[in-house]
$ cat my_file32.json   # JSON, C-alpha atoms
[["chain", "number", "residue", "atom", "x", "y", "z"],
["O", 137, "ASP", "CA", 16.58, -95.94, 23.78],
["O", 138, "LYS", "CA", 19.84, -94.37, 22.60],
["O", 139, "THR", "CA", 20.51, -97.11, 20.07],
["O", 140, "GLN", "CA", 20.27, -95.63, 16.59],
["O", 141, "VAL", "CA", 19.89, -97.95, 13.63],
["O", 142, "SER", "CA", 21.85, -96.98, 10.53],
["O", 143, "VAL", "CA", 21.88, -98.45, 7.05],
["O", 144, "VAL", "CA", 25.08, -98.72, 5.00],
["O", 145, "VAL", "CA", 24.96, -99.56, 1.29],
["O", 146, "VAL", "CA", 28.34, -99.95, -0.44],
["O", 147, "LEU", "CA", 28.58, -100.29, -4.23],
["O", 148, "ALA", "CA", 25.13, -101.84, -4.51],
["O", 149, "PHE", "CA", 22.72, -99.09, -5.65],
["O", 150, "GLU", "CA", 24.09, -99.43, -9.19],
["O", 151, "ASN", "CA", 22.92, -103.06, -9.20],
["O", 152, "ILE", "CA", 19.50, -102.65, -7.56],
["O", 153, "SER", "CA", 16.61, -102.29, -10.00],
["O", 154, "LYS", "CA", 13.99, -101.38, -7.38],
["O", 155, "ILE", "CA", 15.63, -98.44, -5.61],
["O", 156, "ASN", "CA", 12.31, -96.91, -4.51],
["O", 157, "GLU", "CA", 11.33, -100.15, -2.76],
["O", 158, "THR", "CA", 14.79, -100.38, -1.22],
["O", 159, "LEU", "CA", 14.53, -96.83, 0.12],
["O", 160, "ALA", "CA", 11.02, -97.53, 1.45],
["O", 161, "GLU", "CA", 12.37, -100.49, 3.42],
["O", 162, "CYS", "CA", 15.23, -98.35, 4.76],
["O", 163, "SER", "CA", 12.67, -95.76, 5.86],
["O", 164, "ARG", "CA", 10.60, -98.47, 7.56],
["O", 165, "VAL", "CA", 13.51, -99.71, 9.71],
["O", 166, "LEU", "CA", 14.95, -96.29, 10.56],
["O", 167, "LYS", "CA", 13.68, -93.98, 13.28],
["O", 168, "GLN", "CA", 13.30, -90.23, 12.75],
["O", 169, "ASN", "CA", 16.77, -88.78, 12.00],
["O", 170, "GLY", "CA", 18.05, -92.30, 11.20],
["O", 171, "ARG", "CA", 20.90, -92.34, 8.69],
["O", 172, "ILE", "CA", 21.75, -94.12, 5.46],
["O", 173, "VAL", "CA", 25.29, -94.03, 4.10],
["O", 174, "ILE", "CA", 25.52, -94.88, 0.40],
["O", 175, "VAL", "CA", 28.74, -95.37, -1.56],
["O", 176, "LEU", "CA", 28.29, -95.68, -5.31],
["O", 177, "MET", "CA", 30.25, -95.35, -8.51],
["O", 178, "HIS", "CA", 30.08, -91.65, -9.36],
["O", 179, "PRO", "CA", 27.03, -91.41, -11.63],
["O", 180, "THR", "CA", 28.37, -88.40, -13.51],
["O", 181, "PHE", "CA", 31.71, -89.88, -14.54],
["O", 182, "ARG", "CA", 31.34, -93.69, -14.39],
["O", 183, "ILE", "CA", 28.73, -94.74, -16.91],
["O", 184, "PRO", "CA", 29.25, -98.23, -18.37],
["O", 185, "ARG", "CA", 30.00, -98.04, -22.11],
["O", 186, "ASP", "CA", 28.97, -94.36, -22.15],
["O", 187, "SER", "CA", 32.03, -92.81, -20.49],
["O", 188, "ASP", "CA", 35.72, -93.23, -21.20],
["O", 189, "TRP", "CA", 39.13, -91.64, -20.94],
["O", 190, "GLU", "CA", 40.71, -89.74, -23.82],
["O", 191, "TYR", "CA", 43.86, -87.70, -24.36],
["O", 192, "SER", "CA", 44.00, -84.23, -25.87],
["O", 193, "LYS", "CA", 45.45, -84.14, -29.40],
["O", 194, "ASP", "CA", 48.84, -83.05, -28.08],
["O", 195, "LYS", "CA", 48.59, -85.70, -25.31],
["O", 196, "SER", "CA", 49.13, -83.06, -22.60],
["O", 197, "VAL", "CA", 45.81, -83.72, -20.83],
["O", 198, "GLN", "CA", 43.77, -86.79, -20.01],
["O", 199, "ARG", "CA", 40.05, -86.18, -19.63],
["O", 200, "ARG", "CA", 36.80, -88.02, -19.13],
["O", 201, "ILE", "CA", 34.29, -88.09, -21.98],
["O", 202, "ILE", "CA", 30.60, -88.73, -21.41],
["O", 203, "SER", "CA", 28.29, -89.75, -24.27],
["O", 204, "LYS", "CA", 25.09, -90.30, -22.24],
["O", 205, "TYR", "CA", 24.15, -89.00, -18.82],
["O", 206, "MET", "CA", 20.55, -87.88, -18.36],
["O", 207, "SER", "CA", 18.98, -91.16, -19.46],
["O", 208, "GLU", "CA", 18.22, -93.93, -17.02],
["O", 209, "ILE", "CA", 19.96, -96.91, -18.66],
["O", 210, "THR", "CA", 20.25, -100.61, -17.83],
["O", 211, "TYR", "CA", 23.53, -102.26, -18.85],
["O", 212, "GLU", "CA", 24.42, -105.93, -18.91],
["O", 213, "ILE", "CA", 27.88, -106.28, -17.36],
["O", 214, "VAL", "CA", 30.22, -109.27, -17.65],
["O", 215, "MET", "CA", 31.59, -109.91, -14.16],
["O", 216, "ASN", "CA", 34.47, -112.14, -15.32],
["O", 217, "PRO", "CA", 35.84, -110.53, -18.50],
["O", 218, "GLY", "CA", 38.28, -112.56, -20.55],
["O", 219, "THR", "CA", 36.48, -115.86, -19.99],
["O", 220, "PRO", "CA", 34.82, -117.78, -22.86],
["O", 221, "LYS", "CA", 31.29, -116.55, -23.63],
["O", 222, "ASN", "CA", 29.70, -119.78, -22.39],
["O", 223, "LYS", "CA", 31.40, -119.32, -18.98],
["O", 224, "GLN", "CA", 30.70, -115.61, -18.52],
["O", 225, "ILE", "CA", 28.78, -114.48, -15.47],
["O", 226, "LYS", "CA", 26.60, -111.44, -16.11],
["O", 227, "THR", "CA", 24.79, -108.94, -13.94],
["O", 228, "LEU", "CA", 22.81, -105.78, -14.54],
["O", 229, "SER", "CA", 24.04, -102.29, -13.76],
["O", 230, "PHE", "CA", 21.71, -99.29, -13.67],
["O", 231, "HIS", "CA", 22.86, -95.79, -14.53],
["O", 232, "ARG", "CA", 20.76, -93.01, -13.08],
["O", 233, "PRO", "CA", 21.62, -89.29, -13.17],
["O", 234, "LEU", "CA", 22.06, -87.37, -9.93],
["O", 235, "GLN", "CA", 18.65, -85.70, -10.13],
["O", 236, "TRP", "CA", 17.01, -89.14, -10.35],
["O", 237, "TYR", "CA", 18.64, -90.12, -7.04],
["O", 238, "MET", "CA", 17.75, -86.78, -5.39],
["O", 239, "LYS", "CA", 14.08, -87.16, -6.34],
["O", 240, "ALA", "CA", 14.01, -90.78, -5.14],
["O", 241, "PHE", "CA", 15.59, -89.82, -1.80],
["O", 242, "ARG", "CA", 13.11, -87.00, -1.22],
["O", 243, "LYS", "CA", 10.12, -89.12, -2.27],
["O", 244, "SER", "CA", 11.20, -91.74, 0.30],
["O", 245, "GLY", "CA", 11.54, -89.14, 3.08],
["O", 246, "PHE", "CA", 15.31, -88.69, 3.09],
["O", 247, "GLY", "CA", 17.45, -85.57, 2.83],
["O", 248, "ILE", "CA", 21.15, -85.39, 2.04],
["O", 249, "VAL", "CA", 23.23, -84.26, 4.99],
["O", 250, "ARG", "CA", 26.67, -85.04, 3.53],
["O", 251, "LEU", "CA", 28.10, -85.63, 0.08],
["O", 252, "GLU", "CA", 31.70, -86.55, -0.71],
["O", 253, "GLU", "CA", 33.32, -87.30, -4.04],
["O", 254, "TRP", "CA", 36.22, -89.73, -3.78],
["O", 255, "ILE", "CA", 39.14, -89.91, -6.18],
["O", 256, "SER", "CA", 41.36, -92.85, -7.04],
["O", 257, "HIS", "CA", 44.66, -93.03, -5.20],
["O", 258, "ARG", "CA", 46.05, -95.51, -7.71],
["O", 259, "GLU", "CA", 49.10, -94.39, -9.66],
["O", 260, "SER", "CA", 49.87, -95.17, -13.28],
["O", 261, "GLY", "CA", 52.84, -97.35, -14.13],
["O", 262, "VAL", "CA", 55.95, -96.01, -15.74],
["O", 263, "GLY", "CA", 55.28, -94.52, -19.15],
["O", 264, "PRO", "CA", 54.98, -91.32, -21.14],
["O", 265, "GLN", "CA", 51.44, -90.56, -19.89],
["O", 266, "LYS", "CA", 52.02, -91.33, -16.18],
["O", 267, "GLU", "CA", 52.02, -87.72, -15.01],
["O", 268, "ILE", "CA", 48.86, -86.64, -16.83],
["O", 269, "GLU", "CA", 47.02, -89.85, -15.91],
["O", 270, "ASP", "CA", 47.87, -89.32, -12.24],
["O", 271, "ILE", "CA", 46.63, -85.71, -12.44],
["O", 272, "ALA", "CA", 43.34, -86.81, -14.03],
["O", 273, "ARG", "CA", 42.79, -89.39, -11.26],
["O", 274, "LYS", "CA", 43.10, -86.65, -8.65],
["O", 275, "GLU", "CA", 40.62, -84.41, -10.48],
["O", 276, "ILE", "CA", 37.87, -86.75, -11.63],
["O", 277, "PRO", "CA", 36.13, -88.68, -8.85],
["O", 278, "VAL", "CA", 35.50, -92.40, -9.10],
["O", 279, "PHE", "CA", 33.07, -92.77, -6.19],
["O", 280, "MET", "CA", 30.43, -90.72, -4.42],
["O", 281, "CYS", "CA", 29.49, -91.07, -0.76],
["O", 282, "LEU", "CA", 26.11, -89.78, 0.39],
["O", 283, "GLU", "CA", 24.77, -89.61, 3.90],
["O", 284, "LEU", "CA", 20.99, -89.34, 4.11],
["O", 285, "SER", "CA", 18.83, -88.53, 7.10],
["O", 286, "LYS", "CA", 15.21, -89.54, 7.53],
["O", 287, "ILE", "CA", 13.09, -86.37, 7.54],
["O", 288, "ASP", "CA", 9.40, -85.47, 7.53]]

$ encode --input "my_file32.json" --output "structure tokens"
Amino acid sequence: DKTQVSVVVVLAFENISKINETLAECSRVLKQNGRIVIVLMHPTFRIPRDSDWEYSKDKSVQRRIISKYMSEITYEIVMNPGTPKNKQIKTLSFHRPLQWYMKAFRKSGFGIVRLEEWISHRESGVGPQKEIEDIARKEIPVFMCLELSKID
């Protein structure tokens, strides 16, 4: 049988509490050398409430600041910001550092065969910071794409 089952997970790992169980199910349905492609918010630079943009004092550089990274943290996220509190829809988002993911992948019998970091192609509107904001977007990735292979 030349049919190879693959699993694709796009922008969902950040919202799944039971990643180990999810990976175990992926392993169950995949044959040897089966692949999983995962796209997630970059865990190093996109941490809800614990990462942000800032400008240098002379406003010549925009950079990303990170206040927490190594901790596994659960955040409550409002999915429809700007709505009255009694109408807000909330979900959970889970920050995990890269090493957490690597250990979970290996424990579940997967190895990384490809890793890409994707930048934003959005451009800032007209304004005094447009140029430095556009440079920062090309240097600091928003997303990460991982391709995993089932291994022994």

$ closest_residue --input "my_file32.json" --among "O:Leu234, O:Ile209, O:Leu166, O:Val173" --to "Arg185 in chain O" --atoms "only C-alpha atoms"
O:Ile209

$ closest_residue --input "my_file32.json" --among "O:Asn151, O:Thr180, O:Ser192, O:Pro264" --to "Tyr211 in chain O" --atoms "only C-alpha atoms"
O:Asn151

$ axis_aligned_box --input "my_file32.json" --around "range 159-169 of chain O" --padding-each-side "5 Å" --output "lines of an AutoDock Vina configuration file"
center_x = 13.7
center_y = -94.6
center_z = 6.7
size_x = 16.2
size_y = 21.7
size_z = 23.2

$ closest_residue --input "my_file32.json" --among "O:Ile271, O:Ile183, O:Val278, O:Val165" --to "Val197 in chain O" --atoms "all atoms listed in the file"
O:Ile271

$ atom_distance --input "my_file32.json" --atom1 "CA of Pro184 in chain O" --atom2 "CA of Gly218 in chain O"
17.1 Å

$ closest_atom_pairs --input "my_file32.json" --of "range 164-239 of chain O" --to "range 253-256 of chain O" --cutoff "10 Å" --atoms "only C-alpha atoms" --output "tab-separated table"
residue	atom	partner	partner_atom	distance
O:Val175	CA	O:Glu253	CA	9.6
O:Leu176	CA	O:Glu253	CA	9.9
O:Met177	CA	O:Trp254	CA	9.5
O:His178	CA	O:Glu253	CA	7.6

$ atom_distance --input "my_file32.json" --atom1 "CA of Val146 in chain O" --atom2 "CA of Tyr237 in chain O"
15.3 Å

$ closest_residue --input "my_file32.json" --among "O:Pro277, O:Gly247, O:Gly263, O:Pro233" --to "Tyr205 in chain O" --atoms "all atoms listed in the file"
O:Pro233

$ closest_residue --input "my_file32.json" --among "O:Val249, O:Met280, O:Val262, O:Ile155" --to "Asn169 in chain O" --atoms "all atoms listed in the file"
O:Val249

$ closest_residue --input "my_file32.json" --among "O:Lys195, O:Asp288, O:Ser153, O:Val144" --to "Glu267 in chain O" --atoms "only C-alpha atoms"
O:Lys195

$ residues_around --input "my_file32.json" --residues "Ile213 in chain O" --least-positions-apart "4" --cutoff "7 Å" --atoms "only C-alpha atoms" --output "PyMOL selection string"
chain O and resi 226-229

$ atom_distance --input "my_file32.json" --atom1 "CA of Ser203 in chain O" --atom2 "CA of Ile248 in chain O"
27.6 Å

$ residues_around --input "my_file32.json" --residues "Val214 in chain O" --least-positions-apart "2" --cutoff "8 Å" --atoms "all atoms listed in the file" --output "list in words"
Glu212, Asn216, Pro217, Gln224, Ile225, Lys226 and Thr227 of chain O

$ residues_around --input "my_file32.json" --residues "Ile202 in chain O" --least-positions-apart "6" --cutoff "9 Å" --atoms "all atoms listed in the file" --output "list in words"
Thr180, Phe181, Arg182, Ile183, Asp186, Ser187 and Asp188 of chain O

$ residues_around --input "my_file32.json" --residues "Phe246 in chain O" --least-positions-apart "5" --cutoff "8 Å" --atoms "all atoms listed in the file" --output "ChimeraX atom specification"
/O:241,284-287

$ residues_around --input "my_file32.json" --residues "Ile268 in chain O" --least-positions-apart "6" --cutoff "12 Å" --atoms "all atoms listed in the file" --output "ChimeraX atom specification"
/O:189-192,194-199,259-262,274-275
